[in-house]
Amino acid sequence: MKLGILGGSFNPVHLGHLFLADKALVTLKLDRVVMIPAYISPFKINVQSTDNNSSDRIEMLAAAVTGDSRLAVDDCEIRRQGVSYTIDTIEDIIARYLCEKPYLIIGDDLAKDFPNWKDSKKILQLADIVIARRLNAAAENYQFAHTFIDNEIINISSQTVRKKISEGSDWRSLVPCAVRAIIEDRRLYGLPSSDKKPDEGINQSVIMRIEQEARETLSVSRFLHSRNTALLAQDLCRRFGLDPAAGYLAGIAHDLGKQLDDKYLLKCAKSDGMAISAMEKDRPTLLHGRVAAVLLRERFSVHNKDILEAVALHTSGSGNMCPLAKVIYIADKAEVSRNIDPAMRKMCYEESLDNILFAVLKKTISKLQSKKLDLSPETLSLLERMKERNS
């Protein structure tokens, strides 16, 4: 196996790291690059301590390489602790990975000092040194055997990312989405804390998992509808003082049961403890909201009552809907890909929540009646409640 070793603090891992790993894989025709986060870098002894965020850095690396079998993450330096000397790591990797002579990938910012590294001569015997550009546009003449990668210089550093986060600047496009979710969930690197205490089961990592499930199981058009619903729900939650993350989660998840077969819908819906009506038995697709709520609870450990209610009731509604359920009912029918009167969509940004709900409900009922479809008792109950409030 042709193996590359790419070490560093990865604090945090960013797109520049992944670009370099990919360039090395292609240029050197490697089978795999092993990314190894340092416990204490010998180049940063004065700025790091043993009380570092090694578990966060490992998890961010693992998230960054998910789905790419060409990349591996090895925590040998963190498990070894102490100062992370390259010679120790190379000997360890050779022994465990059974590779004769791995490629050690270093940046030109470190290459000048390579002869002063601990046991640098032995490193040259055990590994082929690969130098990548980080600072210099042209290759330099180093006084030791090496291979030069003619890579583009990506002007990103972990220090820059950390600085941007702490300053509230633009950093999210510099890291993989999964890494961004970890940073946001754990408020790393001085990211300001949210004013609201996060509800159980609501964080960016969970939302990303649910969104991936929706993308993989729904048709493209149905997924785009779900995402548009999530975006409008998020906007409405901000407008009406609700949790935007809860709105987005409920919106992206509301149709998870939409493309399941009738037999599964009937079986799964029974587990929510509510009766199945004659109408639902005749048209099991009406159960897809209830089933989506079951999937949220059982697969993703989402137990937030309002989210589960909002997802379960988004088709039929109910006379006693919580505010989040009203938001999802509206967003499902008024998101931008729906063919509705622009005036009704404009209401979402001007009218009260109940006024918007009433208008959307009347339009939905009119549409159902034009198709000669029966209205569920829940929809009728919601209609009566809204008529009372608007009388």
# chains A, B, ... in the order shown; residues from 1 in each chain; ligands from 1
>>> residues_around(residues="stretch 223-237 of chain A", least_positions_apart="4", cutoff="10 Å", atoms="only C-alpha atoms", output="ChimeraX atom specification")
/A:211-219,241-256,323-338,348-349,353
>>> residues_around(residues="stretch 268-279 of chain A", least_positions_apart="4", cutoff="12 Å", atoms="only C-alpha atoms", output="PyMOL selection string")
chain A and resi 257+260-264+283-298+308-309+312+316+373-378
>>> write_last_selection(atoms="N, CA and C atoms", output="short mmCIF file (atom, residue, chain, number, x, y, z; two decimals), in the first residue's frame")
data_model
loop_
_atom_site.label_atom_id
_atom_site.label_comp_id
_atom_site.auth_asym_id
_atom_site.auth_seq_id
_atom_site.Cartn_x
_atom_site.Cartn_y
_atom_site.Cartn_z
N GLY A 257 -41.76 10.44 5.97
CA GLY A 257 -42.58 9.26 5.72
C GLY A 257 -43.33 9.30 4.40
N LEU A 260 -42.89 6.21 1.84
CA LEU A 260 -42.96 4.86 2.37
C LEU A 260 -44.23 4.18 1.89
N ASP A 261 -44.20 2.85 1.79
CA ASP A 261 -45.38 2.15 1.27
C ASP A 261 -46.49 2.10 2.32
N ASP A 262 -47.71 1.84 1.85
CA ASP A 262 -48.89 1.90 2.72
C ASP A 262 -48.79 0.93 3.90
N LYS A 263 -48.29 -0.26 3.65
CA LYS A 263 -48.20 -1.26 4.71
C LYS A 263 -47.30 -0.78 5.84
N TYR A 264 -46.16 -0.19 5.49
CA TYR A 264 -45.24 0.29 6.51
C TYR A 264 -45.84 1.49 7.25
N ARG A 283 -56.69 5.76 3.17
CA ARG A 283 -55.64 6.52 2.49
C ARG A 283 -54.43 6.64 3.43
N PRO A 284 -53.63 5.56 3.53
CA PRO A 284 -52.50 5.54 4.48
C PRO A 284 -51.49 6.66 4.29
N THR A 285 -51.44 7.27 3.10
CA THR A 285 -50.50 8.37 2.90
C THR A 285 -50.76 9.53 3.85
N LEU A 286 -52.01 9.62 4.36
CA LEU A 286 -52.34 10.67 5.33
C LEU A 286 -51.56 10.50 6.63
N LEU A 287 -51.00 9.31 6.82
CA LEU A 287 -50.26 9.01 8.05
C LEU A 287 -48.79 9.42 7.97
N HIS A 288 -48.37 9.95 6.83
CA HIS A 288 -46.92 10.15 6.67
C HIS A 288 -46.33 11.15 7.67
N GLY A 289 -47.13 12.12 8.11
CA GLY A 289 -46.64 13.04 9.13
C GLY A 289 -46.46 12.36 10.48
N ARG A 290 -47.44 11.57 10.87
CA ARG A 290 -47.32 10.82 12.12
C ARG A 290 -46.13 9.87 12.09
N VAL A 291 -45.94 9.23 10.95
CA VAL A 291 -44.82 8.29 10.81
C VAL A 291 -43.49 9.04 10.85
N ALA A 292 -43.42 10.22 10.23
CA ALA A 292 -42.19 11.01 10.29
C ALA A 292 -41.85 11.37 11.74
N ALA A 293 -42.86 11.66 12.54
CA ALA A 293 -42.62 11.97 13.96
C ALA A 293 -42.09 10.75 14.70
N VAL A 294 -42.62 9.57 14.35
CA VAL A 294 -42.12 8.32 14.95
C VAL A 294 -40.66 8.12 14.57
N LEU A 295 -40.33 8.34 13.31
CA LEU A 295 -38.94 8.16 12.85
C LEU A 295 -38.01 9.14 13.57
N LEU A 296 -38.47 10.38 13.76
CA LEU A 296 -37.64 11.35 14.48
C LEU A 296 -37.32 10.87 15.88
N ARG A 297 -38.34 10.34 16.55
CA ARG A 297 -38.15 9.89 17.93
C ARG A 297 -37.28 8.64 18.00
N GLU A 298 -37.55 7.68 17.14
CA GLU A 298 -36.89 6.37 17.27
C GLU A 298 -35.51 6.33 16.60
N LEU A 308 -42.26 17.17 17.49
CA LEU A 308 -42.98 15.95 17.11
C LEU A 308 -44.43 16.26 16.76
N GLU A 309 -45.05 17.17 17.50
CA GLU A 309 -46.43 17.55 17.19
C GLU A 309 -46.50 18.26 15.84
N ALA A 312 -46.10 15.71 13.05
CA ALA A 312 -47.24 14.78 12.98
C ALA A 312 -48.49 15.43 12.42
N SER A 316 -52.94 17.39 8.50
CA SER A 316 -54.34 17.59 8.87
C SER A 316 -54.57 18.82 9.74
N LEU A 373 -62.33 15.65 -2.12
CA LEU A 373 -61.73 14.85 -1.06
C LEU A 373 -62.34 15.22 0.28
N ASP A 374 -62.57 14.21 1.12
CA ASP A 374 -63.14 14.46 2.44
C ASP A 374 -62.13 15.18 3.33
N LEU A 375 -62.65 15.97 4.25
CA LEU A 375 -61.81 16.64 5.24
C LEU A 375 -61.75 15.81 6.50
N SER A 376 -60.58 15.72 7.08
CA SER A 376 -60.43 14.95 8.32
C SER A 376 -61.06 15.70 9.48
N PRO A 377 -61.44 14.99 10.54
CA PRO A 377 -62.00 15.66 11.73
C PRO A 377 -61.02 16.69 12.31
N GLU A 378 -59.72 16.41 12.23
CA GLU A 378 -58.72 17.34 12.75
C GLU A 378 -58.71 18.64 11.96
#
>>> residues_around(residues="A:Asn155", least_positions_apart="5", cutoff="10 Å", atoms="only C-alpha atoms", output="VMD selection string")
chain A and resid 16 134 to 135 160
>>> select_by_dssp(residues="stretch 18-142 of chain A", states="helix (DSSP H, G or I)", output="VMD selection string")
chain A and resid 18 to 27 54 to 65 76 to 80 86 to 97 108 to 111 114 to 116 120 to 126
>>> residues_around(residues="A:Gly319", least_positions_apart="3", cutoff="6 Å", atoms="only C-alpha atoms", output="VMD selection string")
chain A and resid 381 to 382 385
>>> write_last_selection(atoms="N, CA and C atoms", output="JSON list (two decimals), in the first residue's frame")
[["chain", "number", "residue", "atom", "x", "y", "z"],
["A", 381, "SER", "N", -61.79, 20.55, 12.84],
["A", 381, "SER", "CA", -61.63, 21.13, 14.17],
["A", 381, "SER", "C", -60.78, 22.39, 14.12],
["A", 382, "LEU", "N", -59.72, 22.34, 13.33],
["A", 382, "LEU", "CA", -58.86, 23.51, 13.18],
["A", 382, "LEU", "C", -59.63, 24.65, 12.52],
["A", 385, "ARG", "N", -61.96, 26.27, 15.03],
["A", 385, "ARG", "CA", -61.21, 27.07, 16.00],
["A", 385, "ARG", "C", -60.76, 28.40, 15.38]]
>>> closest_residue(among="A:Ile182, A:Ile153, A:Ile90, A:Ile106", to="A:Ile123", atoms="only C-alpha atoms")
A:Ile90
>>> closest_atom_pairs(of="stretch 88-151 of chain A", to="stretch 24-33 of chain A", cutoff="12 Å", atoms="only C-alpha atoms", output="tab-separated table")
residue	atom	partner	partner_atom	distance
A:Ile93	CA	A:Val33	CA	11.6
A:Tyr97	CA	A:Arg32	CA	10.9
A:Cys99	CA	A:Asp31	CA	11.2
A:Pro102	CA	A:Val33	CA	9.5
A:Tyr103	CA	A:Leu30	CA	8.9
A:Leu104	CA	A:Val33	CA	9.6
A:Ile105	CA	A:Ala24	CA	8.0
A:Ile106	CA	A:Ala24	CA	10.8
A:Gly107	CA	A:Ala24	CA	11.9
A:Asp128	CA	A:Leu28	CA	11.2
A:Ile129	CA	A:Leu28	CA	11.7
A:Val130	CA	A:Ala24	CA	8.6
A:Ile131	CA	A:Ala24	CA	9.9
A:Ala132	CA	A:Ala24	CA	8.6
A:Arg133	CA	A:Ala24	CA	11.6
A:Thr147	CA	A:Leu28	CA	9.3
A:Phe148	CA	A:Thr27	CA	9.9
A:Ile149	CA	A:Ala24	CA	7.2
A:Asp150	CA	A:Thr27	CA	8.8
A:Asn151	CA	A:Ala24	CA	8.7
>>> write_last_selection(atoms="C-alpha atoms", output="mmCIF file, in the first residue's frame")
data_model
loop_
_atom_site.group_PDB
_atom_site.id
_atom_site.type_symbol
_atom_site.label_atom_id
_atom_site.label_comp_id
_atom_site.auth_asym_id
_atom_site.auth_seq_id
_atom_site.Cartn_x
_atom_site.Cartn_y
_atom_site.Cartn_z
ATOM 1 C CA ILE A 93 2.641 3.817 11.359
ATOM 2 C CA TYR A 97 0.014 -0.296 8.634
ATOM 3 C CA CYS A 99 3.921 -0.199 4.725
ATOM 4 C CA PRO A 102 5.377 5.962 3.663
ATOM 5 C CA TYR A 103 5.331 9.454 2.178
ATOM 6 C CA LEU A 104 5.609 12.189 4.805
ATOM 7 C CA ILE A 105 3.771 15.301 3.587
ATOM 8 C CA ILE A 106 5.003 18.600 5.035
ATOM 9 C CA GLY A 107 4.526 22.234 4.073
ATOM 10 C CA ASP A 128 9.963 9.735 1.501
ATOM 11 C CA ILE A 129 9.608 13.441 2.194
ATOM 12 C CA VAL A 130 6.970 15.282 0.183
ATOM 13 C CA ILE A 131 6.961 19.083 0.276
ATOM 14 C CA ALA A 132 3.791 21.014 -0.520
ATOM 15 C CA ARG A 133 3.509 24.750 -1.082
ATOM 16 C CA THR A 147 9.511 15.196 -3.799
ATOM 17 C CA PHE A 148 7.777 18.482 -4.552
ATOM 18 C CA ILE A 149 3.992 18.759 -5.057
ATOM 19 C CA ASP A 150 3.023 21.566 -7.410
ATOM 20 C CA ASN A 151 -0.148 22.451 -5.535
#
>>> closest_residue(among="A:Leu61, A:Asn11, A:Val73, A:Asp88", to="A:Lys163", atoms="only C-alpha atoms")
A:Asn11
>>> atom_distance(atom1="atom CA of A:Glu59", atom2="atom CA of A:Glu152")
27.2 Å
>>> select_by_dssp(residues="stretch 88-300 of chain A", states="strand (DSSP E or B)", output="number ranges by chain")
A: 103-107, 128-132, 147-149
>>> residues_around(residues="A:Val13", least_positions_apart="3", cutoff="8 Å", atoms="only C-alpha atoms", output="list in words")
Phe10, His17, Arg57, Met60, Leu61, Ala64, Ser158, Val175 and Val179 of chain A
>>> write_last_selection(atoms="N, CA and C atoms", output="PDB file, in the first residue's frame")
ATOM      1  N   PHE A  10      -4.532  20.461  13.263  1.00  0.00           N
ATOM      2  CA  PHE A  10      -5.925  20.342  12.804  1.00  0.00           C
ATOM      3  C   PHE A  10      -6.871  20.974  13.830  1.00  0.00           C
ATOM      4  N   HIS A  17      -6.624  21.674   4.297  1.00  0.00           N
ATOM      5  CA  HIS A  17      -6.071  20.350   4.636  1.00  0.00           C
ATOM      6  C   HIS A  17      -6.582  19.287   3.673  1.00  0.00           C
ATOM      7  N   ARG A  57     -10.854  17.867  18.273  1.00  0.00           N
ATOM      8  CA  ARG A  57     -10.093  17.856  17.021  1.00  0.00           C
ATOM      9  C   ARG A  57     -10.221  16.508  16.316  1.00  0.00           C
ATOM     10  N   MET A  60     -13.747  16.309  14.814  1.00  0.00           N
ATOM     11  CA  MET A  60     -13.874  17.145  13.620  1.00  0.00           C
ATOM     12  C   MET A  60     -13.180  16.495  12.428  1.00  0.00           C
ATOM     13  N   LEU A  61     -12.019  15.896  12.652  1.00  0.00           N
ATOM     14  CA  LEU A  61     -11.325  15.191  11.569  1.00  0.00           C
ATOM     15  C   LEU A  61     -12.163  14.020  11.070  1.00  0.00           C
ATOM     16  N   ALA A  64     -14.862  15.267   8.971  1.00  0.00           N
ATOM     17  CA  ALA A  64     -14.387  15.827   7.706  1.00  0.00           C
ATOM     18  C   ALA A  64     -14.114  14.762   6.655  1.00  0.00           C
ATOM     19  N   SER A 158      -5.621  27.183  10.177  1.00  0.00           N
ATOM     20  CA  SER A 158      -6.465  26.962  11.361  1.00  0.00           C
ATOM     21  C   SER A 158      -6.503  28.213  12.233  1.00  0.00           C
ATOM     22  N   VAL A 175     -14.540  25.540   6.332  1.00  0.00           N
ATOM     23  CA  VAL A 175     -14.470  24.193   6.914  1.00  0.00           C
ATOM     24  C   VAL A 175     -15.590  23.336   6.330  1.00  0.00           C
ATOM     25  N   VAL A 179     -17.900  19.703  10.113  1.00  0.00           N
ATOM     26  CA  VAL A 179     -17.003  20.343  11.089  1.00  0.00           C
ATOM     27  C   VAL A 179     -17.664  21.606  11.630  1.00  0.00           C
TER      28      VAL A 179
END
>>> closest_residue(among="A:Met344, A:Glu167, A:Arg299, A:Leu361", to="A:Gly317", atoms="only C-alpha atoms")
A:Leu361
>>> closest_residue(among="A:Ile365, A:Val220, A:Val302, A:Leu110", to="A:Ile207", atoms="only C-alpha atoms")
A:Val302
>>> closest_residue(among="A:Thr379, A:Leu126, A:Glu350, A:His303", to="A:Ala95", atoms="only C-alpha atoms")
A:Leu126
>>> decode(residues="stretch 251-275 of chain A", atoms="N, CA and C atoms", output="compact mmCIF listing (two decimals), in the first residue's frame")
# COMPACT_ATOMS: atom_id res chain seq x y z
N GLY A 251 -39.17 21.27 9.76
CA GLY A 251 -39.42 21.46 8.33
C GLY A 251 -38.70 20.46 7.46
N ILE A 252 -37.44 20.20 7.76
CA ILE A 252 -36.67 19.27 6.93
C ILE A 252 -37.14 17.84 7.13
N ALA A 253 -37.76 17.58 8.29
CA ALA A 253 -38.18 16.20 8.62
C ALA A 253 -39.62 15.90 8.30
N HIS A 254 -40.43 16.90 7.99
CA HIS A 254 -41.88 16.69 7.99
C HIS A 254 -42.36 15.66 6.98
N ASP A 255 -41.62 15.45 5.90
CA ASP A 255 -42.05 14.49 4.87
C ASP A 255 -41.20 13.22 4.84
N LEU A 256 -40.50 12.91 5.92
CA LEU A 256 -39.66 11.70 5.93
C LEU A 256 -40.46 10.43 5.64
N GLY A 257 -41.76 10.44 5.97
CA GLY A 257 -42.58 9.26 5.72
C GLY A 257 -43.33 9.30 4.40
N LYS A 258 -43.10 10.31 3.59
CA LYS A 258 -43.93 10.55 2.41
C LYS A 258 -43.84 9.44 1.37
N GLN A 259 -42.66 8.85 1.18
CA GLN A 259 -42.49 7.87 0.11
C GLN A 259 -42.43 6.43 0.61
N LEU A 260 -42.89 6.21 1.84
CA LEU A 260 -42.96 4.86 2.37
C LEU A 260 -44.23 4.18 1.89
N ASP A 261 -44.20 2.85 1.79
CA ASP A 261 -45.38 2.15 1.27
C ASP A 261 -46.49 2.10 2.32
N ASP A 262 -47.71 1.84 1.85
CA ASP A 262 -48.89 1.90 2.72
C ASP A 262 -48.79 0.93 3.90
N LYS A 263 -48.29 -0.26 3.65
CA LYS A 263 -48.20 -1.26 4.71
C LYS A 263 -47.30 -0.78 5.84
N TYR A 264 -46.16 -0.19 5.49
CA TYR A 264 -45.24 0.29 6.51
C TYR A 264 -45.84 1.49 7.25
N LEU A 265 -46.52 2.37 6.52
CA LEU A 265 -47.13 3.54 7.15
C LEU A 265 -48.13 3.11 8.22
N LEU A 266 -48.97 2.13 7.89
CA LEU A 266 -49.98 1.66 8.85
C LEU A 266 -49.32 1.00 10.06
N LYS A 267 -48.29 0.22 9.82
CA LYS A 267 -47.60 -0.47 10.91
C LYS A 267 -46.88 0.51 11.82
N CYS A 268 -46.17 1.46 11.21
CA CYS A 268 -45.36 2.41 11.98
C CYS A 268 -46.24 3.38 12.77
N ALA A 269 -47.35 3.80 12.16
CA ALA A 269 -48.22 4.78 12.83
C ALA A 269 -48.80 4.25 14.12
N LYS A 270 -48.97 2.94 14.21
CA LYS A 270 -49.55 2.36 15.43
C LYS A 270 -48.68 2.61 16.65
N SER A 271 -47.38 2.81 16.43
CA SER A 271 -46.47 2.95 17.57
C SER A 271 -46.55 4.31 18.24
N ASP A 272 -47.32 5.27 17.66
CA ASP A 272 -47.42 6.56 18.33
C ASP A 272 -48.55 6.60 19.36
N GLY A 273 -49.28 5.47 19.48
CA GLY A 273 -50.30 5.35 20.51
C GLY A 273 -51.64 5.96 20.18
N MET A 274 -51.78 6.55 19.00
CA MET A 274 -53.05 7.17 18.62
C MET A 274 -53.81 6.25 17.67
N ALA A 275 -55.12 6.38 17.69
CA ALA A 275 -55.96 5.54 16.84
C ALA A 275 -55.77 5.91 15.38
